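As structure tokens, the structure follows; a few thoughts come after it.
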Amino acid sequence: MASARLSEEGFANVMEKLRSDKTFRNQFLSDRPDRVITDRGLLTEDDAASVAAIKWDSPDKPFGAIDEKLVLCSSSGF
Amino acid sequence: MKILLAKAPRDRYSYFRDGGESLALGYLAAFLRSHGHSVNIVDGQIERLSIQEMVIRSTVEDHELIGFTIADPTFMSSTYLVAKAIRDALPSAHLTIGGYAPTFHYSDVLNQCSALDSVIRNEGELTLLCLVEALQNCQEWKQIPGIAYRNNTGIVCNDSRPLIPNLDSLPFPARDYLPYIKQNLPEFGIIAVSGSRGCYGSCGFCSIRRFYSVPDGAAFRLRSVSNVVDEIEEIVSKFCIDEFLLIDDIFTLPGLEGERRVAEWTRELNKRNLSLMFSISDRVDHIHRSLYDALYNIGVRQVMIGIEATNANILKYFNKKMTPESVKKAMDILEALNIDATITYINFTPLTTLEILRENLSHLLSLRVNFLLGLLNRLQIYVGTPIADDLMRNAMVTGEFPEFAYRIPDVRVEAVYEICRQCFSPFLEISYEIMKLERIFRVKIFHLEKMGQNSERVLKGRLFFKRTSRTIMEEAGDLFGMALDYADRHESLERHFLVEMRNRVQERYKLWHRELAFLRDYSPFFQDSDRILLV
């Protein structure tokens, strides 16, 4: 997968969450393919709906379309 | 005469990760070429060649003399294998070997590998040239000073050859592998330049001093600064490189002499309008703010410091002549100047107790550096050093060269070492990943500053990296602490504990790796092109 770079603010958010939230850190980019890093941090399918910035192309494929600030994490790792 | 100079790949995992050229091969090749000889170089370590590939590459031409270089004993058995195979393929070739280990263990080497005809001891240039010319002219080579060889009665060691008095008289080392490194190893390869030979330190575990003090001549010799910068300027113009490792064991000199030499570096670089980035090695007690302001100004952005220990008794055992306080002070100066500090450390020694391991861990955590290599490092025995002499006198050494070993009297420490050996190898991998990312930040910031661009954003990124690195150190420290607790409470290592520990470390490694990759590949501080540092 080609690299997609987070914005400075988004990156800082993720890093801050990594430092402050142990559970988040331990789950960070596990091999599960249903996780997305966004400018607001690491999202699961459950809280994805609350992020207005993400435009999903279809309800069946919630992570099928990501904007350039998102990084889809897959089992192939980074 | 067809000559091949060769370095076999390491035969085992090493504390060191090589990516740079062998300056030994480079100097020897250049010296022979400057006397009209044709020389090929094969570096199996850089090219990661297998033994078979190494043999094919070495025998593709009918070389009449093949010289091996050995940096340390981890190259020994693979070199023996290559030498034996070459001997079968080229029965009339002369096979010789040089370097630190063969110099001190010439007898073992010749007894262990019958394929080798001779050993070149100590400094190699002149002795190798004499050997080449004697063989070429079908003259007797067994009288050449600096050579050891085998005859019917045993091993003969000739007198040592005096050291070359003026290092400026040597040609610049051949850089045959530089294009290869630039192309294939941009993340590892860093171009080394040597401004001196020998060391004026007297660390109890190191054989460099003895290597240069046995033959006649000054045991510590400097090239003139202008001669070193001439070499650097030539590399810059030929290969467009602006990052160098000044590979001297101690770059700075003590006192006023040190300030004078740094001032000379400044003059020479400014005169030629060279804006370069340097990595150097130094002693803790040489790190003063004024000297380091000057070093920063000439482009020094990384300093490798041989701390080796933080416990007062072990510092004394190593003859390091420093205190934990002086280490801390030096680190603070480097941090204030934004110069990366890379430390070497020897956590396991014959004097180490479990209590000392705990103390070491706490000192290492307080230094705010990547200490993972040092955490797992065990003192190696190099014959001829005061520590090796002492261990041998006390009958603590077992095994034969190159597999010398010793038992640490505190059995709990041996248990911790075994846990490290079986479970903690991912620490080494992550340490190299940290070093690579640290280098990417270093290069990026240097280039932005050089072009007069604002580096604030990347400096901010470097802070994130430092915090991540710090967390990794703390978590690695926790895992190491668990090993200490276990060894303290148990008399033997249970299999289930080792399995559990291995899994924990693997799991952590995966996370650390991803965090570092996240910084490198998804942060806004880099472009993909930043990964290719030398292009």
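Letters A, B, ... mark the chains of the structure tokens in the order given; residue numbers begin at 1 per chain; ligand numbers begin at 1, in order shown.
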
Quick one: which chain B residues come within 6 Å of chain A, and what is the nearest atom pair for each with the distance in Å to one decimal, counting only C-alpha atoms, rows ordered by chain and ascending number, as JSON lines?
{"residue": "B:Tyr522", "atom": "CA", "partner": "A:Arg5", "partner_atom": "CA", "distance": 4.4}
{"residue": "B:Ser523", "atom": "CA", "partner": "A:Arg5", "partner_atom": "CA", "distance": 5.4}
{"residue": "B:Pro524", "atom": "CA", "partner": "A:Arg5", "partner_atom": "CA", "distance": 5.4}

Neighbour list for region 56-66 of chain B as a CSV table (one decimal) with all heavy atoms, in the first residue's frame, cut-off 12 Å, only C-alpha atoms, skip fewer than 4 positions in-chain:
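Result written to part-v9.csv:
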chain,number,residue,atom,x,y,z
B,1,MET,N,50.7,-10.0,-11.4
B,1,MET,CA,50.2,-11.0,-10.4
B,1,MET,C,48.7,-10.7,-10.1
B,1,MET,O,48.4,-9.5,-9.8
B,1,MET,CB,51.0,-10.9,-9.1
B,1,MET,CG,50.6,-11.9,-8.1
B,1,MET,SD,51.8,-11.9,-6.7
B,1,MET,CE,51.7,-13.6,-6.2
B,2,LYS,N,47.9,-11.6,-10.1
B,2,LYS,CA,46.5,-11.4,-9.8
B,2,LYS,C,46.2,-11.5,-8.3
B,2,LYS,O,46.4,-12.6,-7.7
B,2,LYS,CB,45.6,-12.4,-10.6
B,2,LYS,CG,45.5,-12.1,-12.1
B,2,LYS,CD,44.6,-13.1,-12.7
B,2,LYS,CE,44.6,-12.8,-14.2
B,2,LYS,NZ,43.9,-13.9,-15.0
B,3,ILE,N,45.7,-10.4,-7.7
B,3,ILE,CA,45.6,-10.4,-6.3
B,3,ILE,C,44.1,-10.2,-5.9
B,3,ILE,O,43.4,-9.4,-6.5
B,3,ILE,CB,46.4,-9.2,-5.7
B,3,ILE,CG1,47.9,-9.4,-6.0
B,3,ILE,CG2,46.2,-9.2,-4.1
B,3,ILE,CD1,48.7,-8.2,-5.9
B,4,LEU,N,43.7,-10.9,-4.9
B,4,LEU,CA,42.3,-10.7,-4.4
B,4,LEU,C,42.4,-10.4,-2.9
B,4,LEU,O,43.1,-11.1,-2.2
B,4,LEU,CB,41.5,-12.0,-4.6
B,4,LEU,CG,40.1,-11.9,-4.0
B,4,LEU,CD1,39.2,-11.0,-4.8
B,4,LEU,CD2,39.4,-13.2,-3.8
B,5,LEU,N,41.7,-9.3,-2.5
B,5,LEU,CA,41.6,-9.1,-1.1
B,5,LEU,C,40.1,-9.3,-0.7
B,5,LEU,O,39.2,-8.9,-1.4
B,5,LEU,CB,42.0,-7.6,-0.8
B,5,LEU,CG,43.4,-7.3,-1.1
B,5,LEU,CD1,43.7,-5.8,-0.8
B,5,LEU,CD2,44.4,-8.2,-0.3
B,6,ALA,N,39.9,-10.1,0.3
B,6,ALA,CA,38.6,-10.6,0.6
B,6,ALA,C,38.2,-10.5,2.1
B,6,ALA,O,39.0,-10.6,3.0
B,6,ALA,CB,38.5,-12.1,0.1
B,7,LYS,N,36.9,-10.3,2.3
B,7,LYS,CA,36.3,-10.4,3.6
B,7,LYS,C,35.1,-11.4,3.6
B,7,LYS,O,34.2,-11.1,2.8
B,7,LYS,CB,35.9,-9.0,4.1
B,7,LYS,CG,35.4,-8.9,5.5
B,7,LYS,CD,35.1,-7.5,5.8
B,7,LYS,CE,34.7,-7.3,7.2
B,7,LYS,NZ,34.3,-5.9,7.5
B,8,ALA,N,35.2,-12.4,4.3
B,8,ALA,CA,34.1,-13.4,4.3
B,8,ALA,C,32.9,-12.8,5.1
B,8,ALA,O,33.1,-11.9,5.9
B,8,ALA,CB,34.6,-14.7,5.0
B,25,LEU,N,40.5,-3.4,3.8
B,25,LEU,CA,40.7,-3.8,2.5
B,25,LEU,C,41.0,-2.6,1.6
B,25,LEU,O,41.8,-2.7,0.7
B,25,LEU,CB,39.4,-4.5,2.0
B,25,LEU,CG,39.0,-5.9,2.6
B,25,LEU,CD1,37.8,-6.4,2.0
B,25,LEU,CD2,40.2,-6.9,2.5
B,29,ALA,N,44.3,-2.4,-0.7
B,29,ALA,CA,44.2,-2.4,-2.1
B,29,ALA,C,44.8,-1.2,-2.7
B,29,ALA,O,45.6,-1.2,-3.7
B,29,ALA,CB,42.7,-2.5,-2.5
B,37,HIS,N,50.3,-2.9,-8.7
B,37,HIS,CA,49.7,-4.2,-8.7
B,37,HIS,C,48.2,-4.1,-9.0
B,37,HIS,O,47.5,-3.1,-8.6
B,37,HIS,CB,49.9,-4.9,-7.4
B,37,HIS,CG,51.4,-5.1,-7.2
B,37,HIS,ND1,52.1,-6.1,-7.8
B,37,HIS,CD2,52.3,-4.5,-6.3
B,37,HIS,CE1,53.4,-6.0,-7.4
B,37,HIS,NE2,53.5,-5.1,-6.5
B,38,SER,N,47.7,-5.1,-9.6
B,38,SER,CA,46.2,-5.2,-9.9
B,38,SER,C,45.5,-5.9,-8.8
B,38,SER,O,45.9,-7.1,-8.5
B,38,SER,CB,46.1,-5.9,-11.3
B,38,SER,OG,44.8,-6.2,-11.4
B,39,VAL,N,44.5,-5.3,-8.2
B,39,VAL,CA,43.8,-5.9,-7.1
B,39,VAL,C,42.3,-5.9,-7.2
B,39,VAL,O,41.8,-4.9,-7.6
B,39,VAL,CB,44.2,-5.1,-5.8
B,39,VAL,CG1,43.6,-5.7,-4.5
B,39,VAL,CG2,45.7,-5.0,-5.6
B,40,ASN,N,41.7,-7.1,-6.9
B,40,ASN,CA,40.3,-7.1,-6.8
B,40,ASN,C,39.9,-7.2,-5.4
B,40,ASN,O,40.6,-7.7,-4.5
B,40,ASN,CB,39.7,-8.4,-7.5
B,40,ASN,CG,39.9,-8.3,-9.0
B,40,ASN,OD1,39.8,-7.3,-9.6
B,40,ASN,ND2,40.2,-9.5,-9.6
B,41,ILE,N,38.7,-6.7,-5.1
B,41,ILE,CA,38.2,-6.8,-3.7
B,41,ILE,C,36.8,-7.5,-3.7
B,41,ILE,O,36.0,-7.2,-4.6
B,41,ILE,CB,37.9,-5.4,-3.1
B,41,ILE,CG1,39.3,-4.6,-3.1
B,41,ILE,CG2,37.4,-5.5,-1.7
B,41,ILE,CD1,39.1,-3.2,-2.5
B,42,VAL,N,36.6,-8.5,-2.8
B,42,VAL,CA,35.3,-9.1,-2.6
B,42,VAL,C,34.9,-9.0,-1.1
B,42,VAL,O,35.7,-9.5,-0.3
B,42,VAL,CB,35.2,-10.6,-3.0
B,42,VAL,CG1,33.9,-11.2,-2.6
B,42,VAL,CG2,35.4,-10.7,-4.5
B,43,ASP,N,33.9,-8.2,-0.8
B,43,ASP,CA,33.5,-8.1,0.6
B,43,ASP,C,32.2,-8.9,0.8
B,43,ASP,O,31.1,-8.4,0.4
B,43,ASP,CB,33.3,-6.6,0.9
B,43,ASP,CG,33.1,-6.4,2.4
B,43,ASP,OD1,32.5,-7.2,3.0
B,43,ASP,OD2,33.5,-5.3,2.9
B,44,GLY,N,32.3,-10.1,1.3
B,44,GLY,CA,31.1,-11.0,1.4
B,44,GLY,C,30.2,-10.5,2.5
B,44,GLY,O,29.0,-10.8,2.6
B,47,GLU,N,28.1,-7.6,0.9
B,47,GLU,CA,27.2,-8.1,-0.2
B,47,GLU,C,26.3,-9.2,0.4
B,47,GLU,O,25.5,-9.8,-0.4
B,47,GLU,CB,28.0,-8.6,-1.4
B,47,GLU,CG,28.7,-7.6,-2.2
B,47,GLU,CD,29.1,-8.1,-3.5
B,47,GLU,OE1,28.3,-8.5,-4.3
B,47,GLU,OE2,30.3,-8.0,-3.8
B,49,LEU,N,27.0,-12.3,1.0
B,49,LEU,CA,27.2,-13.5,0.2
B,49,LEU,C,27.2,-14.7,1.1
B,49,LEU,O,27.6,-14.7,2.2
B,49,LEU,CB,28.6,-13.4,-0.5
B,49,LEU,CG,28.8,-12.2,-1.5
B,49,LEU,CD1,30.2,-12.3,-2.0
B,49,LEU,CD2,27.8,-12.2,-2.6
B,50,SER,N,26.8,-15.8,0.5
B,50,SER,CA,26.9,-17.1,1.2
B,50,SER,C,28.3,-17.6,1.0
B,50,SER,O,29.1,-17.0,0.2
B,50,SER,CB,25.9,-18.1,0.6
B,50,SER,OG,26.4,-18.4,-0.8
B,51,ILE,N,28.7,-18.6,1.7
B,51,ILE,CA,30.1,-19.2,1.6
B,51,ILE,C,30.3,-19.6,0.1
B,51,ILE,O,31.3,-19.3,-0.5
B,51,ILE,CB,30.3,-20.4,2.5
B,51,ILE,CG1,30.0,-20.0,4.0
B,51,ILE,CG2,31.6,-21.0,2.3
B,51,ILE,CD1,31.1,-19.0,4.5
B,52,GLN,N,29.3,-20.3,-0.5
B,52,GLN,CA,29.4,-20.7,-1.9
B,52,GLN,C,29.6,-19.6,-2.8
B,52,GLN,O,30.5,-19.6,-3.7
B,52,GLN,CB,28.2,-21.6,-2.3
B,52,GLN,CG,28.1,-22.9,-1.7
B,52,GLN,CD,27.6,-22.9,-0.2
B,52,GLN,OE1,27.2,-21.8,0.3
B,52,GLN,NE2,27.5,-24.0,0.4
B,79,THR,N,35.6,-17.7,7.4
B,79,THR,CA,36.8,-17.4,6.6
B,79,THR,C,37.6,-18.7,6.4
B,79,THR,O,38.1,-19.0,5.3
B,79,THR,CB,37.7,-16.4,7.3
B,79,THR,OG1,36.9,-15.2,7.5
B,79,THR,CG2,39.0,-16.0,6.5
B,82,VAL,N,35.8,-20.6,3.6
B,82,VAL,CA,36.1,-20.0,2.3
B,82,VAL,C,37.5,-20.4,1.9
B,82,VAL,O,37.8,-20.8,0.7
B,82,VAL,CB,35.9,-18.5,2.3
B,82,VAL,CG1,36.4,-17.8,1.0
B,82,VAL,CG2,34.4,-18.1,2.5
B,83,ALA,N,38.5,-20.2,2.8
B,83,ALA,CA,39.9,-20.5,2.5
B,83,ALA,C,40.1,-21.9,2.0
B,83,ALA,O,40.8,-22.2,1.1
B,83,ALA,CB,40.8,-20.2,3.7
B,84,LYS,N,39.4,-22.8,2.7
B,84,LYS,CA,39.6,-24.3,2.4
B,84,LYS,C,39.1,-24.5,1.0
B,84,LYS,O,39.7,-25.2,0.2
B,84,LYS,CB,38.8,-25.2,3.4
B,84,LYS,CG,39.7,-25.4,4.6
B,84,LYS,CD,38.9,-26.0,5.7
B,84,LYS,CE,39.6,-25.9,7.1
B,84,LYS,NZ,38.8,-26.1,8.2
B,85,ALA,N,37.9,-23.9,0.6
B,85,ALA,CA,37.3,-24.2,-0.7
B,85,ALA,C,38.2,-23.5,-1.8
B,85,ALA,O,38.4,-24.1,-2.9
B,85,ALA,CB,35.9,-23.6,-0.7
B,86,ILE,N,38.7,-22.4,-1.5
B,86,ILE,CA,39.6,-21.7,-2.5
B,86,ILE,C,40.9,-22.5,-2.7
B,86,ILE,O,41.4,-22.7,-3.8
B,86,ILE,CB,39.9,-20.3,-2.0
B,86,ILE,CG1,38.7,-19.4,-2.1
B,86,ILE,CG2,41.0,-19.7,-2.9
B,86,ILE,CD1,38.9,-18.0,-1.6
B,87,ARG,N,41.4,-23.1,-1.6
B,87,ARG,CA,42.6,-23.9,-1.7
B,87,ARG,C,42.4,-25.1,-2.6
B,87,ARG,O,43.2,-25.4,-3.5
B,87,ARG,CB,43.0,-24.4,-0.3
B,87,ARG,CG,44.0,-25.5,-0.2
B,87,ARG,CD,45.4,-25.1,-0.8
B,87,ARG,NE,46.1,-24.0,-0.1
B,87,ARG,CZ,46.7,-23.0,-0.7
B,87,ARG,NH1,46.6,-22.8,-2.0
B,87,ARG,NH2,47.3,-22.1,0.0
B,88,ASP,N,41.2,-25.7,-2.6
B,88,ASP,CA,40.9,-26.8,-3.5
B,88,ASP,C,40.8,-26.3,-4.9
B,88,ASP,O,41.3,-27.0,-5.8
B,88,ASP,CB,39.5,-27.4,-3.1
B,88,ASP,CG,39.6,-28.2,-1.8
B,88,ASP,OD1,40.8,-28.4,-1.4
B,88,ASP,OD2,38.6,-28.4,-1.2
B,89,ALA,N,40.2,-25.1,-5.1
B,89,ALA,CA,40.1,-24.6,-6.5
B,89,ALA,C,41.3,-24.0,-7.1
B,89,ALA,O,41.6,-24.1,-8.3
B,89,ALA,CB,38.9,-23.6,-6.5
B,90,LEU,N,42.1,-23.4,-6.2
B,90,LEU,CA,43.4,-22.7,-6.7
B,90,LEU,C,44.5,-23.3,-5.9
B,90,LEU,O,45.1,-22.6,-5.0
B,90,LEU,CB,43.2,-21.2,-6.5
B,90,LEU,CG,42.1,-20.5,-7.2
B,90,LEU,CD1,42.0,-19.0,-6.8
B,90,LEU,CD2,42.2,-20.6,-8.7
B,91,PRO,N,45.0,-24.5,-6.1
B,91,PRO,CA,46.0,-25.1,-5.2
B,91,PRO,C,47.3,-24.4,-5.2
B,91,PRO,O,48.0,-24.5,-4.1
B,91,PRO,CB,46.2,-26.5,-5.9
B,91,PRO,CG,45.4,-26.6,-7.1
B,91,PRO,CD,44.5,-25.4,-7.2
B,92,SER,N,47.7,-23.6,-6.2
B,92,SER,CA,49.0,-23.0,-6.1
B,92,SER,C,48.9,-21.6,-5.6
B,92,SER,O,50.0,-20.9,-5.4
B,92,SER,CB,49.7,-23.0,-7.5
B,92,SER,OG,48.8,-22.3,-8.4
B,93,ALA,N,47.8,-21.1,-5.3
B,93,ALA,CA,47.7,-19.7,-4.8
B,93,ALA,C,48.2,-19.6,-3.4
B,93,ALA,O,48.2,-20.5,-2.6
B,93,ALA,CB,46.2,-19.2,-4.8
B,94,HIS,N,48.7,-18.4,-3.1
B,94,HIS,CA,49.2,-18.1,-1.7
B,94,HIS,C,48.0,-17.5,-0.9
B,94,HIS,O,47.5,-16.5,-1.4
B,94,HIS,CB,50.4,-17.2,-1.7
B,94,HIS,CG,50.9,-17.0,-0.3
B,94,HIS,ND1,52.1,-17.6,0.1
B,94,HIS,CD2,50.5,-16.2,0.7
B,94,HIS,CE1,52.4,-17.2,1.4
B,94,HIS,NE2,51.4,-16.4,1.8
B,95,LEU,N,47.7,-18.1,0.2
B,95,LEU,CA,46.5,-17.6,1.0
B,95,LEU,C,47.1,-17.0,2.3
B,95,LEU,O,47.7,-17.7,3.1
B,95,LEU,CB,45.5,-18.7,1.3
B,95,LEU,CG,44.4,-18.9,0.3
B,95,LEU,CD1,44.9,-19.2,-1.1
B,95,LEU,CD2,43.5,-20.0,0.7
B,96,THR,N,46.8,-15.8,2.5
B,96,THR,CA,47.2,-15.1,3.7
B,96,THR,C,46.1,-14.4,4.5
B,96,THR,O,45.0,-14.3,3.9
B,96,THR,CB,48.4,-14.1,3.4
B,96,THR,OG1,49.0,-13.7,4.6
B,96,THR,CG2,47.9,-12.9,2.7
B,97,ILE,N,46.3,-14.0,5.7
B,97,ILE,CA,45.2,-13.5,6.5
B,97,ILE,C,45.8,-12.4,7.4
B,97,ILE,O,47.0,-12.6,7.9
B,97,ILE,CB,44.5,-14.6,7.3
B,97,ILE,CG1,43.2,-14.1,7.9
B,97,ILE,CG2,45.4,-15.2,8.3
B,97,ILE,CD1,42.3,-15.2,8.4
B,98,GLY,N,45.0,-11.4,7.7
B,98,GLY,CA,45.5,-10.3,8.6
B,98,GLY,C,44.4,-9.8,9.4
B,98,GLY,O,43.2,-10.1,9.2
B,115,ALA,N,44.7,-24.5,5.1
B,115,ALA,CA,44.6,-23.9,3.8
B,115,ALA,C,45.4,-22.5,3.7
B,115,ALA,O,45.8,-22.1,2.7
B,115,ALA,CB,43.2,-23.6,3.4
B,116,LEU,N,45.6,-22.0,4.9
B,116,LEU,CA,46.3,-20.7,4.9
B,116,LEU,C,47.8,-20.9,4.9
B,116,LEU,O,48.3,-21.7,5.7
B,116,LEU,CB,45.9,-19.9,6.2
B,116,LEU,CG,44.4,-19.4,6.2
B,116,LEU,CD1,44.0,-19.0,7.6
B,116,LEU,CD2,44.2,-18.2,5.2
B,117,ASP,N,48.5,-20.1,4.1
B,117,ASP,CA,50.0,-20.2,4.1
B,117,ASP,C,50.7,-19.3,5.1
B,117,ASP,O,51.7,-19.6,5.6
B,117,ASP,CB,50.5,-19.8,2.7
B,117,ASP,CG,49.9,-20.8,1.6
B,117,ASP,OD1,50.3,-22.0,1.7
B,117,ASP,OD2,49.1,-20.4,0.8
B,118,SER,N,50.1,-18.1,5.4
B,118,SER,CA,50.8,-17.2,6.2
B,118,SER,C,49.8,-16.3,7.0
B,118,SER,O,48.6,-16.2,6.6
B,118,SER,CB,51.7,-16.3,5.4
B,118,SER,OG,51.0,-15.6,4.5
B,119,VAL,N,50.3,-15.6,8.0
B,119,VAL,CA,49.5,-14.6,8.7
B,119,VAL,C,50.3,-13.3,8.6
B,119,VAL,O,51.5,-13.3,8.8
B,119,VAL,CB,49.3,-15.0,10.2
B,119,VAL,CG1,48.7,-13.8,11.0
B,119,VAL,CG2,48.4,-16.2,10.3
B,128,LEU,N,52.3,-6.8,3.3
B,128,LEU,CA,51.6,-7.4,2.2
B,128,LEU,C,52.3,-7.1,0.9
B,128,LEU,O,52.5,-8.0,0.0
B,128,LEU,CB,50.2,-6.9,2.1
B,128,LEU,CG,49.3,-7.5,1.0
B,128,LEU,CD1,49.2,-9.0,1.1
B,128,LEU,CD2,47.9,-6.9,1.0
B,129,LEU,N,52.8,-5.9,0.8
B,129,LEU,CA,53.5,-5.5,-0.4
B,129,LEU,C,54.8,-6.3,-0.6
B,129,LEU,O,55.1,-6.8,-1.7
B,129,LEU,CB,53.9,-4.0,-0.4
B,129,LEU,CG,54.7,-3.5,-1.6
B,129,LEU,CD1,53.9,-3.6,-2.9
B,129,LEU,CD2,55.2,-2.1,-1.4
B,131,LEU,N,55.3,-9.3,0.6
B,131,LEU,CA,54.9,-10.7,0.2
B,131,LEU,C,54.5,-10.8,-1.2
B,131,LEU,O,55.0,-11.7,-1.9
B,131,LEU,CB,53.7,-11.1,1.1
B,131,LEU,CG,53.1,-12.4,0.9
B,131,LEU,CD1,54.1,-13.5,1.3
B,131,LEU,CD2,51.9,-12.7,1.8
B,132,VAL,N,53.8,-9.8,-1.7
B,132,VAL,CA,53.4,-9.8,-3.1
B,132,VAL,C,54.6,-9.8,-4.0
B,132,VAL,O,54.7,-10.6,-5.0
B,132,VAL,CB,52.5,-8.6,-3.5
B,132,VAL,CG1,52.3,-8.4,-5.0
B,132,VAL,CG2,51.1,-8.8,-2.8
B,133,GLU,N,55.5,-8.9,-3.7
B,133,GLU,CA,56.7,-8.8,-4.6
B,133,GLU,C,57.6,-10.0,-4.5
B,133,GLU,O,58.2,-10.4,-5.5
B,133,GLU,CB,57.4,-7.4,-4.3
B,133,GLU,CG,56.4,-6.3,-4.7
B,133,GLU,CD,57.0,-4.9,-4.7
B,133,GLU,OE1,58.0,-4.7,-4.1
B,133,GLU,OE2,56.3,-4.1,-5.4
B,134,ALA,N,57.7,-10.6,-3.3
B,134,ALA,CA,58.6,-11.8,-3.2
B,134,ALA,C,57.9,-12.9,-4.0
B,134,ALA,O,58.7,-13.6,-4.8
B,134,ALA,CB,58.7,-12.2,-1.7
B,135,LEU,N,56.6,-13.1,-3.9
B,135,LEU,CA,56.0,-14.2,-4.7
B,135,LEU,C,56.1,-13.9,-6.2
B,135,LEU,O,56.3,-14.8,-7.0
B,135,LEU,CB,54.5,-14.3,-4.2
B,135,LEU,CG,54.2,-14.8,-2.8
B,135,LEU,CD1,52.8,-14.6,-2.4
B,135,LEU,CD2,54.6,-16.3,-2.7
B,136,GLN,N,55.9,-12.7,-6.5
B,136,GLN,CA,55.9,-12.3,-8.0
B,136,GLN,C,57.3,-12.6,-8.6
B,136,GLN,O,57.4,-13.1,-9.7
B,136,GLN,CB,55.6,-10.9,-8.1
B,136,GLN,CG,55.5,-10.4,-9.6
B,136,GLN,CD,54.9,-9.0,-9.6
B,136,GLN,OE1,53.7,-8.8,-9.8
B,136,GLN,NE2,55.8,-8.0,-9.5

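Summary of the local environment: counting only C-alpha atoms, residues at most 10 Å from Tyr27 (chain B), other than itself and those fewer than 2 positions away along its chain, are Ser22, Leu23, Ala24, Leu25, Ala29, Ala30, Phe31, Leu32, Arg33, Gly124, Glu125, Leu170, Pro171, Phe172, Pro173, Ala174 and Arg175 of chain B.
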
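Rounded to one decimal, CA of Val193 (chain B) and CA of Arg368 (chain B) lie 28.6 Å from each other.
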
Can you pull out every residue from region 188-428 of chain B that DSSP, working from the backbone, puts in strand (DSSP E), and format the result as a PyMOL selection string?
chain B and resi 191-193+196-197+221-222+243-246+277-282+300-308+340-345+397-398+405-406
